Amino acid sequence: MINSTIEEDNNYIMPFLWIKGEDQKTILKEIEKIEECGIKAFVVESRTHPHFMEKEWFDDMDFMMETAKSKGMKIWLLDDAHFPTGYANGLLRKYPDRKKQYIHFNTVDVWGYKDEVTIDVKAMCKPHKSWRDRKKSQEQIDEENRNQLISIVAYALVEKDLIDESSFIDLTTQVTDDYFTYKFPKGHWRVFVTYLTRVNGGNPEYINLIDSESVETLIEAVYQPHYEHYKEEFGKTFAGFFSDEPGFGNTTGFAKDEIIGKKLMALPWSEELKHRLKENRNDYPRFLPFLWTDSIQSKQTIAFRMTYMDHVTALYAKNFSEQLGKWCEEHKVEYIGHIIEDNNQHARLGTGAGHYFRAMTGQHMSGIDVIGGQILFGGDKFLRANSSKGDGEFYHYCLAKLGASAAVLDPLKKGRAMCEMFGAYGWKLSIRDMKWIVDHLLVRGINHFVPHAFSMSSYPDDDCPPHFYAGGNNPMYNHFAHLMKYTNRLSGLLNGGVPSTQVGILYHGEAEWAGNYMQMQQPAKKLTQSQINYLFVSIDMLESQAAIQDETFTINSINFKCLVVPYTQFITKELLSFIEKYKHGKIYFVEAFPEAIIGNEEKVDFSKLDHCLVLSLDELPVKLKSENLDEIKLSTPFTQLVTMHYCKKDYEIYTFNNEDEYNEFSGGVSIPESKYVYEYNALKDEWYEVSFDVNKSRLEIELDIPPFDFKVFVSSNKELPINLSVRPNSYYKNQMDISNNWSISLARSIEYPNFKLFDTMEELVPISRKLPNFSGIIRYEKEIDLVDVNGQARIVCESVYDAMEVWINGVSIGKRINPPYCIDFTGLLKNGKNKIVVEVATTADREVKKIEEQFISMFEVIEPTGMFGEIHLKY
């Protein structure tokens, strides 16, 4: 393989292994099944173990460590007892003062009173009461009684919920014995009582991620004890820790709409945050209501929200992500994981971490996850009724690129982008769709994978399936192993490569905090569909990392020729500073210029800046192509062909993924000139020579790529040390229709290879028509008479659900896990009688539906099973 990799063992996959206290024989078998897939690492899922951090846990860990060491495998550890990370295995019971802090508020409106009024402050430092509150526990009541007043301020109420920023009255000093009495000026006033609480927010049993001492609780509870047990293997067999979806947790549930200023919610707080706000403005308490309410001016409200979010996300990075990352570095292991990015939550509070790039700062790989049907074939256009409503554009045009961008632009990550995938898709998820997801991620820059999950529970385990081995009950397991080897090969090839990217799209986090904005996936979609590569860049990167050289700027060796700014109503002073410094470059504002600079009274007329231009979404890719920023050019437009160009020391890599539901791309592809071009078939692990034409210092290659297919080309100016294979014929002299008269046998996965004869079909139809509840392996057999046999041959099947393996005269000619279902082979056919056997593996979906209601796919279509339609033998 002509790869240049970071991992010494050439492994890029580490699936979750769910451990629940099973016996050692069972654990050993599951680890062996992981190893059979060509995988040399796994992540131990701690949340499933009934005795986490107790003797039984370390007994199991001892056995897994010994087993992994003997096999040359590595172990990662999910770093908490519960999901999401932050419970610290319950150790907060020892440190109650380290629990989360929040600020919240209540209001009272005052109007029409000529004389003084009195307000009960103590009552207003608690949540609004309702008839449901009669069920509060005494502990909850006692905790609420300890809520602390921060400030009482009043603003003139102009209309509905809009206040006047200039009409401020500070009433905090008027409080006596839990009451304040005051005679308000003429007009309508809204009084804001802001208070500090540990209970009137999200889960109070979780650590405060913006408090350093609180985060130390997680280290004490989980990290340090594992170091004490396995210090000799830290950085060897013990690879590191994995944080799963940590977030601010200032709300409950998974609403994913916790945008600052847009939702009435408790907000994260800490002493360090208070000091930072005080350094910014000594009178910060007067501005606290602006975190929840809007004003007619939209100046100080916007500025203070930006200040708050800037500090709270910086403290998340400093006290959580960076603290854990530094601890791991000091102990010779690595820190990885992901936050909740779903539905744009990456820039929000609640389950989010407020700012994707800041949340990743301490991690040694960037991280995302793709679960629960978020990325699906054709799914960029649709919502699904059986799961939470999803933003298809975000998942398909933004999510993977977020991970890839952080991996490439942050030196700490060494180009490594990790994705947790497949979990909670349900048993319906097929190998065909798994491969489609892998290809979708690879072509966008993801190069490390955490498949979810290997489970040793009794089949069918209803906890976020699918499960890849499932005690031998998953018919797809052998094909899953085939897919994992494919994934490792391509990851090894791509790792260490630098994406050839000249376009930066500004990360939209700050724009969302400030006002009206365009989500970055909108321009990203236009560029993806025009084969223009891009990376998301944050304002932090532009401020602290970007080196400007006349018409370009560089971040961690990536040389950008332009910056695309999705529409934002307001921009920060830091972004304005970069725009002014980058005066010889090109900045494209999408749809409109910003209205104002946050915190600046003076307006900026961007139209007078020669290097700034407004483009519509449709104009954007046209303009970038006119600047030759599309290194890969197609002879025929094809919006669903996704491409990526990687540069390595001695060669270039070009990847192509056809994400169209129906249509094949067939046409010319133009790439920069070189002397040699090779094609890599990662499913077969074969290399082929590629013919090309040279036109105006560019190479032109003919590319035929059907839906579900992924192509890789490598070009170089010197001949590479590759063992070349003979490319299969595209033309065959003979063709035989073998669609009819197959003998069919069936076996459940757990029974394989003990088949039972089912039927003989003159005309093949889906097995699901006859056996709607069957899942397993379907074996098709027939004999054919041939003459004039010579050389290569191909078997082509029109419809297969879901994966197949084919034998000719007792010899396996290979597996096929995605359309088109065709397999090439050489030298196995003979004149006279030939026996053909096709084994088709289904998903476990239909069988599980018969047993229990499924986790996620109960409202989805059910695909057919088996092989049907036209089947041809070409030779």
# chains A, B, ... in the order shown; residues from 1 in each chain; ligands from 1
>>> closest_atom_pairs(of="segment 410-510 of chain A", to="segment 660-678 of chain A", cutoff="12 Å", atoms="only C-alpha atoms", output="CSV")
residue,atom,partner,partner_atom,distance
A:Trp436,CA,A:Asp660,CA,11.1
A:His440,CA,A:Asp660,CA,11.7
A:Ser500,CA,A:Pro672,CA,11.6
>>> write_last_selection(atoms="C-alpha atoms", output="PDB file, in the first residue's frame")
ATOM      1  CA  TRP A 436     -22.776   4.644   1.793  1.00  0.00           C
ATOM      2  CA  HIS A 440     -20.009   9.977   2.575  1.00  0.00           C
ATOM      3  CA  SER A 500      -6.169  20.790  -1.289  1.00  0.00           C
TER       4      SER A 500
END
>>> atom_distance(atom1="atom CA of Met867 of chain A", atom2="atom CA of Gly373 of chain A")
25.4 Å
>>> residues_around(residues="segment 559-566 of chain A", least_positions_apart="6", cutoff="8 Å", atoms="only C-alpha atoms", output="ChimeraX atom specification")
/A:501-506,508,517-520,523,551-553,585-591
>>> write_last_selection(atoms="N, CA, C and O atoms", output="PDB file, in the first residue's frame")
ATOM      1  N   THR A 501      -7.381  22.668  -0.390  1.00  0.00           N
ATOM      2  CA  THR A 501      -8.542  23.510  -0.140  1.00  0.00           C
ATOM      3  C   THR A 501      -8.139  24.968  -0.248  1.00  0.00           C
ATOM      4  O   THR A 501      -7.185  25.399   0.391  1.00  0.00           O
ATOM      5  N   GLN A 502      -8.868  25.732  -1.049  1.00  0.00           N
ATOM      6  CA  GLN A 502      -8.550  27.147  -1.233  1.00  0.00           C
ATOM      7  C   GLN A 502      -9.664  28.070  -0.784  1.00  0.00           C
ATOM      8  O   GLN A 502      -9.521  29.287  -0.832  1.00  0.00           O
ATOM      9  N   VAL A 503     -10.784  27.492  -0.326  1.00  0.00           N
ATOM     10  CA  VAL A 503     -11.949  28.284   0.062  1.00  0.00           C
ATOM     11  C   VAL A 503     -12.251  28.055   1.535  1.00  0.00           C
ATOM     12  O   VAL A 503     -12.394  26.906   1.975  1.00  0.00           O
ATOM     13  N   GLY A 504     -12.343  29.121   2.299  1.00  0.00           N
ATOM     14  CA  GLY A 504     -12.778  29.041   3.686  1.00  0.00           C
ATOM     15  C   GLY A 504     -14.188  29.578   3.817  1.00  0.00           C
ATOM     16  O   GLY A 504     -14.508  30.638   3.258  1.00  0.00           O
ATOM     17  N   ILE A 505     -15.041  28.846   4.527  1.00  0.00           N
ATOM     18  CA  ILE A 505     -16.388  29.329   4.851  1.00  0.00           C
ATOM     19  C   ILE A 505     -16.406  29.659   6.336  1.00  0.00           C
ATOM     20  O   ILE A 505     -16.036  28.822   7.167  1.00  0.00           O
ATOM     21  N   LEU A 506     -16.835  30.846   6.673  1.00  0.00           N
ATOM     22  CA  LEU A 506     -16.811  31.282   8.068  1.00  0.00           C
ATOM     23  C   LEU A 506     -17.807  30.477   8.901  1.00  0.00           C
ATOM     24  O   LEU A 506     -18.975  30.327   8.536  1.00  0.00           O
ATOM     25  N   HIS A 508     -20.510  29.736  11.593  1.00  0.00           N
ATOM     26  CA  HIS A 508     -21.617  30.667  11.864  1.00  0.00           C
ATOM     27  C   HIS A 508     -21.979  30.821  13.339  1.00  0.00           C
ATOM     28  O   HIS A 508     -22.969  31.480  13.666  1.00  0.00           O
ATOM     29  N   TYR A 517     -29.019  35.483  10.678  1.00  0.00           N
ATOM     30  CA  TYR A 517     -27.826  34.916  10.073  1.00  0.00           C
ATOM     31  C   TYR A 517     -28.217  33.823   9.080  1.00  0.00           C
ATOM     32  O   TYR A 517     -29.352  33.362   9.056  1.00  0.00           O
ATOM     33  N   MET A 518     -27.264  33.435   8.264  1.00  0.00           N
ATOM     34  CA  MET A 518     -27.415  32.314   7.341  1.00  0.00           C
ATOM     35  C   MET A 518     -26.571  31.157   7.862  1.00  0.00           C
ATOM     36  O   MET A 518     -25.412  31.339   8.220  1.00  0.00           O
ATOM     37  N   GLN A 519     -27.147  29.961   7.895  1.00  0.00           N
ATOM     38  CA  GLN A 519     -26.370  28.808   8.324  1.00  0.00           C
ATOM     39  C   GLN A 519     -25.330  28.451   7.272  1.00  0.00           C
ATOM     40  O   GLN A 519     -25.577  28.514   6.072  1.00  0.00           O
ATOM     41  N   MET A 520     -24.160  28.051   7.754  1.00  0.00           N
ATOM     42  CA  MET A 520     -23.026  27.838   6.856  1.00  0.00           C
ATOM     43  C   MET A 520     -23.251  26.688   5.883  1.00  0.00           C
ATOM     44  O   MET A 520     -22.599  26.605   4.839  1.00  0.00           O
ATOM     45  N   PRO A 523     -24.184  27.878   1.903  1.00  0.00           N
ATOM     46  CA  PRO A 523     -23.121  27.977   0.892  1.00  0.00           C
ATOM     47  C   PRO A 523     -22.336  26.685   0.734  1.00  0.00           C
ATOM     48  O   PRO A 523     -21.878  26.363  -0.370  1.00  0.00           O
ATOM     49  N   GLU A 551      -2.575  38.026  -1.326  1.00  0.00           N
ATOM     50  CA  GLU A 551      -3.902  37.583  -1.749  1.00  0.00           C
ATOM     51  C   GLU A 551      -4.362  36.310  -1.050  1.00  0.00           C
ATOM     52  O   GLU A 551      -5.470  35.838  -1.287  1.00  0.00           O
ATOM     53  N   THR A 552      -3.545  35.734  -0.201  1.00  0.00           N
ATOM     54  CA  THR A 552      -3.908  34.485   0.460  1.00  0.00           C
ATOM     55  C   THR A 552      -3.739  34.619   1.971  1.00  0.00           C
ATOM     56  O   THR A 552      -3.073  35.526   2.460  1.00  0.00           O
ATOM     57  N   PHE A 553      -4.350  33.688   2.694  1.00  0.00           N
ATOM     58  CA  PHE A 553      -4.068  33.559   4.126  1.00  0.00           C
ATOM     59  C   PHE A 553      -3.930  32.075   4.441  1.00  0.00           C
ATOM     60  O   PHE A 553      -4.568  31.226   3.814  1.00  0.00           O
ATOM     61  N   GLY A 585      -6.860  40.367  -0.505  1.00  0.00           N
ATOM     62  CA  GLY A 585      -7.510  39.091  -0.783  1.00  0.00           C
ATOM     63  C   GLY A 585      -8.940  39.278  -1.274  1.00  0.00           C
ATOM     64  O   GLY A 585      -9.323  40.359  -1.745  1.00  0.00           O
ATOM     65  N   LYS A 586      -9.726  38.216  -1.160  1.00  0.00           N
ATOM     66  CA  LYS A 586     -11.118  38.257  -1.629  1.00  0.00           C
ATOM     67  C   LYS A 586     -12.029  37.773  -0.507  1.00  0.00           C
ATOM     68  O   LYS A 586     -11.834  36.679   0.036  1.00  0.00           O
ATOM     69  N   ILE A 587     -13.007  38.601  -0.168  1.00  0.00           N
ATOM     70  CA  ILE A 587     -14.013  38.238   0.828  1.00  0.00           C
ATOM     71  C   ILE A 587     -15.372  38.334   0.168  1.00  0.00           C
ATOM     72  O   ILE A 587     -15.752  39.389  -0.348  1.00  0.00           O
ATOM     73  N   TYR A 588     -16.073  37.206   0.159  1.00  0.00           N
ATOM     74  CA  TYR A 588     -17.385  37.149  -0.477  1.00  0.00           C
ATOM     75  C   TYR A 588     -18.465  37.035   0.594  1.00  0.00           C
ATOM     76  O   TYR A 588     -18.555  36.023   1.296  1.00  0.00           O
ATOM     77  N   PHE A 589     -19.276  38.077   0.727  1.00  0.00           N
ATOM     78  CA  PHE A 589     -20.419  38.066   1.639  1.00  0.00           C
ATOM     79  C   PHE A 589     -21.619  37.504   0.890  1.00  0.00           C
ATOM     80  O   PHE A 589     -21.935  37.959  -0.218  1.00  0.00           O
ATOM     81  N   VAL A 590     -22.284  36.534   1.481  1.00  0.00           N
ATOM     82  CA  VAL A 590     -23.405  35.883   0.805  1.00  0.00           C
ATOM     83  C   VAL A 590     -24.691  36.629   1.121  1.00  0.00           C
ATOM     84  O   VAL A 590     -25.045  36.811   2.295  1.00  0.00           O
ATOM     85  N   GLU A 591     -25.349  37.101   0.080  1.00  0.00           N
ATOM     86  CA  GLU A 591     -26.661  37.766   0.088  1.00  0.00           C
ATOM     87  C   GLU A 591     -26.617  39.235   0.504  1.00  0.00           C
ATOM     88  O   GLU A 591     -27.328  40.047  -0.064  1.00  0.00           O
TER      89      GLU A 591
END
>>> select_by_dssp(residues="segment 7-154 of chain A", states="helix (DSSP H, G or I)", output="ChimeraX atom specification")
/A:24-36,46-48,55-71,88-93,96-98,121-124,131-135,138-145
>>> residues_around(residues="segment 656-659 of chain A", least_positions_apart="5", cutoff="7 Å", atoms="only C-alpha atoms", output="ChimeraX atom specification")
/A:439,443,640-644,705-712
>>> residues_around(residues="segment 186-192 of chain A", least_positions_apart="4", cutoff="10 Å", atoms="only C-alpha atoms", output="PyMOL selection string")
chain A and resi 105-114+119+124+151-159+161-164+167-171+286+288-289
>>> write_last_selection(atoms="N, CA, C and O atoms", output="short mmCIF file (atom, residue, chain, number, x, y, z; two decimals), in the first residue's frame")
data_model
loop_
_atom_site.label_atom_id
_atom_site.label_comp_id
_atom_site.auth_asym_id
_atom_site.auth_seq_id
_atom_site.Cartn_x
_atom_site.Cartn_y
_atom_site.Cartn_z
N PHE A 105 -33.94 34.02 36.04
CA PHE A 105 -34.56 35.31 36.34
C PHE A 105 -36.07 35.18 36.42
O PHE A 105 -36.67 34.22 35.93
N ASN A 106 -36.68 36.15 37.05
CA ASN A 106 -38.13 36.35 37.02
C ASN A 106 -38.39 37.82 36.79
O ASN A 106 -37.52 38.67 37.02
N THR A 107 -39.57 38.13 36.32
CA THR A 107 -39.94 39.53 36.06
C THR A 107 -41.27 39.87 36.71
O THR A 107 -42.11 38.98 36.94
N VAL A 108 -41.44 41.14 36.97
CA VAL A 108 -42.73 41.68 37.37
C VAL A 108 -42.89 43.01 36.65
O VAL A 108 -41.95 43.80 36.57
N ASP A 109 -44.06 43.22 36.07
CA ASP A 109 -44.34 44.46 35.34
C ASP A 109 -45.04 45.46 36.25
O ASP A 109 -45.96 45.09 37.00
N VAL A 110 -44.61 46.69 36.17
CA VAL A 110 -45.17 47.76 37.00
C VAL A 110 -45.65 48.87 36.07
O VAL A 110 -44.87 49.39 35.27
N TRP A 111 -46.94 49.20 36.16
CA TRP A 111 -47.45 50.30 35.35
C TRP A 111 -48.67 50.92 36.04
O TRP A 111 -49.41 50.25 36.78
N GLY A 112 -48.83 52.20 35.84
CA GLY A 112 -50.02 52.90 36.31
C GLY A 112 -50.06 53.19 37.79
O GLY A 112 -51.10 53.66 38.30
N TYR A 113 -48.99 52.89 38.53
CA TYR A 113 -49.02 53.14 39.97
C TYR A 113 -48.44 54.52 40.25
O TYR A 113 -47.32 54.84 39.84
N LYS A 114 -49.18 55.34 40.99
CA LYS A 114 -48.69 56.66 41.36
C LYS A 114 -47.82 56.60 42.60
O LYS A 114 -46.95 57.46 42.80
N ILE A 119 -42.16 44.56 46.44
CA ILE A 119 -42.02 43.29 45.74
C ILE A 119 -41.27 42.32 46.65
O ILE A 119 -40.28 42.68 47.30
N MET A 124 -39.23 35.86 44.27
CA MET A 124 -38.83 36.00 42.86
C MET A 124 -37.48 35.35 42.56
O MET A 124 -37.06 35.30 41.41
N SER A 151 -29.04 40.44 41.08
CA SER A 151 -29.35 41.84 40.78
C SER A 151 -30.85 42.03 40.59
O SER A 151 -31.57 41.09 40.25
N ILE A 152 -31.28 43.27 40.84
CA ILE A 152 -32.65 43.69 40.50
C ILE A 152 -32.51 44.96 39.69
O ILE A 152 -31.98 45.97 40.17
N VAL A 153 -32.96 44.91 38.45
CA VAL A 153 -32.90 46.08 37.58
C VAL A 153 -34.24 46.24 36.87
O VAL A 153 -34.98 45.26 36.69
N ALA A 154 -34.53 47.45 36.51
CA ALA A 154 -35.78 47.74 35.80
C ALA A 154 -35.48 48.50 34.52
O ALA A 154 -34.56 49.35 34.48
N TYR A 155 -36.23 48.19 33.46
CA TYR A 155 -36.14 48.89 32.19
C TYR A 155 -37.54 49.28 31.73
O TYR A 155 -38.51 48.56 32.00
N ALA A 156 -37.63 50.40 31.04
CA ALA A 156 -38.91 50.82 30.49
C ALA A 156 -39.37 49.79 29.45
O ALA A 156 -38.60 49.38 28.59
N LEU A 157 -40.63 49.40 29.56
CA LEU A 157 -41.21 48.44 28.63
C LEU A 157 -41.89 49.22 27.51
O LEU A 157 -42.83 49.97 27.75
N VAL A 158 -41.40 49.00 26.28
CA VAL A 158 -41.87 49.80 25.15
C VAL A 158 -43.10 49.17 24.51
O VAL A 158 -44.15 49.78 24.39
N GLU A 159 -42.98 47.95 24.11
CA GLU A 159 -44.10 47.22 23.51
C GLU A 159 -43.86 45.73 23.63
O GLU A 159 -42.73 45.27 23.51
N ASP A 161 -42.60 42.54 24.46
CA ASP A 161 -41.45 42.16 25.28
C ASP A 161 -40.21 42.96 24.97
O ASP A 161 -39.09 42.56 25.31
N LEU A 162 -40.36 44.10 24.30
CA LEU A 162 -39.21 44.93 23.97
C LEU A 162 -38.99 45.99 25.04
O LEU A 162 -39.93 46.69 25.44
N ILE A 163 -37.74 46.12 25.50
CA ILE A 163 -37.41 47.13 26.49
C ILE A 163 -36.57 48.22 25.86
O ILE A 163 -36.06 48.09 24.74
N ASP A 164 -36.41 49.31 26.60
CA ASP A 164 -35.56 50.43 26.18
C ASP A 164 -34.25 50.33 26.94
O ASP A 164 -34.21 50.47 28.17
N SER A 167 -33.11 53.18 29.54
CA SER A 167 -33.95 53.56 30.69
C SER A 167 -33.70 52.63 31.87
O SER A 167 -34.58 51.89 32.29
N PHE A 168 -32.53 52.69 32.42
CA PHE A 168 -32.09 51.72 33.42
C PHE A 168 -32.27 52.24 34.84
O PHE A 168 -31.92 53.39 35.14
N ILE A 169 -32.82 51.39 35.72
CA ILE A 169 -32.88 51.69 37.15
C ILE A 169 -32.30 50.50 37.90
O ILE A 169 -32.76 49.37 37.73
N ASP A 170 -31.29 50.75 38.75
CA ASP A 170 -30.70 49.70 39.58
C ASP A 170 -31.41 49.69 40.93
O ASP A 170 -31.36 50.68 41.68
N LEU A 171 -32.07 48.57 41.24
CA LEU A 171 -32.85 48.45 42.47
C LEU A 171 -32.22 47.49 43.47
O LEU A 171 -32.80 47.25 44.53
N ARG A 286 -26.27 44.86 35.55
CA ARG A 286 -27.36 45.60 34.92
C ARG A 286 -27.70 45.04 33.54
O ARG A 286 -28.79 45.24 33.03
N LEU A 288 -27.50 41.72 32.70
CA LEU A 288 -27.91 40.31 32.72
C LEU A 288 -29.27 40.07 32.07
O LEU A 288 -29.45 39.07 31.37
N PRO A 289 -30.27 40.95 32.25
CA PRO A 289 -31.55 40.71 31.56
C PRO A 289 -31.45 40.62 30.04
O PRO A 289 -32.29 39.99 29.39
#
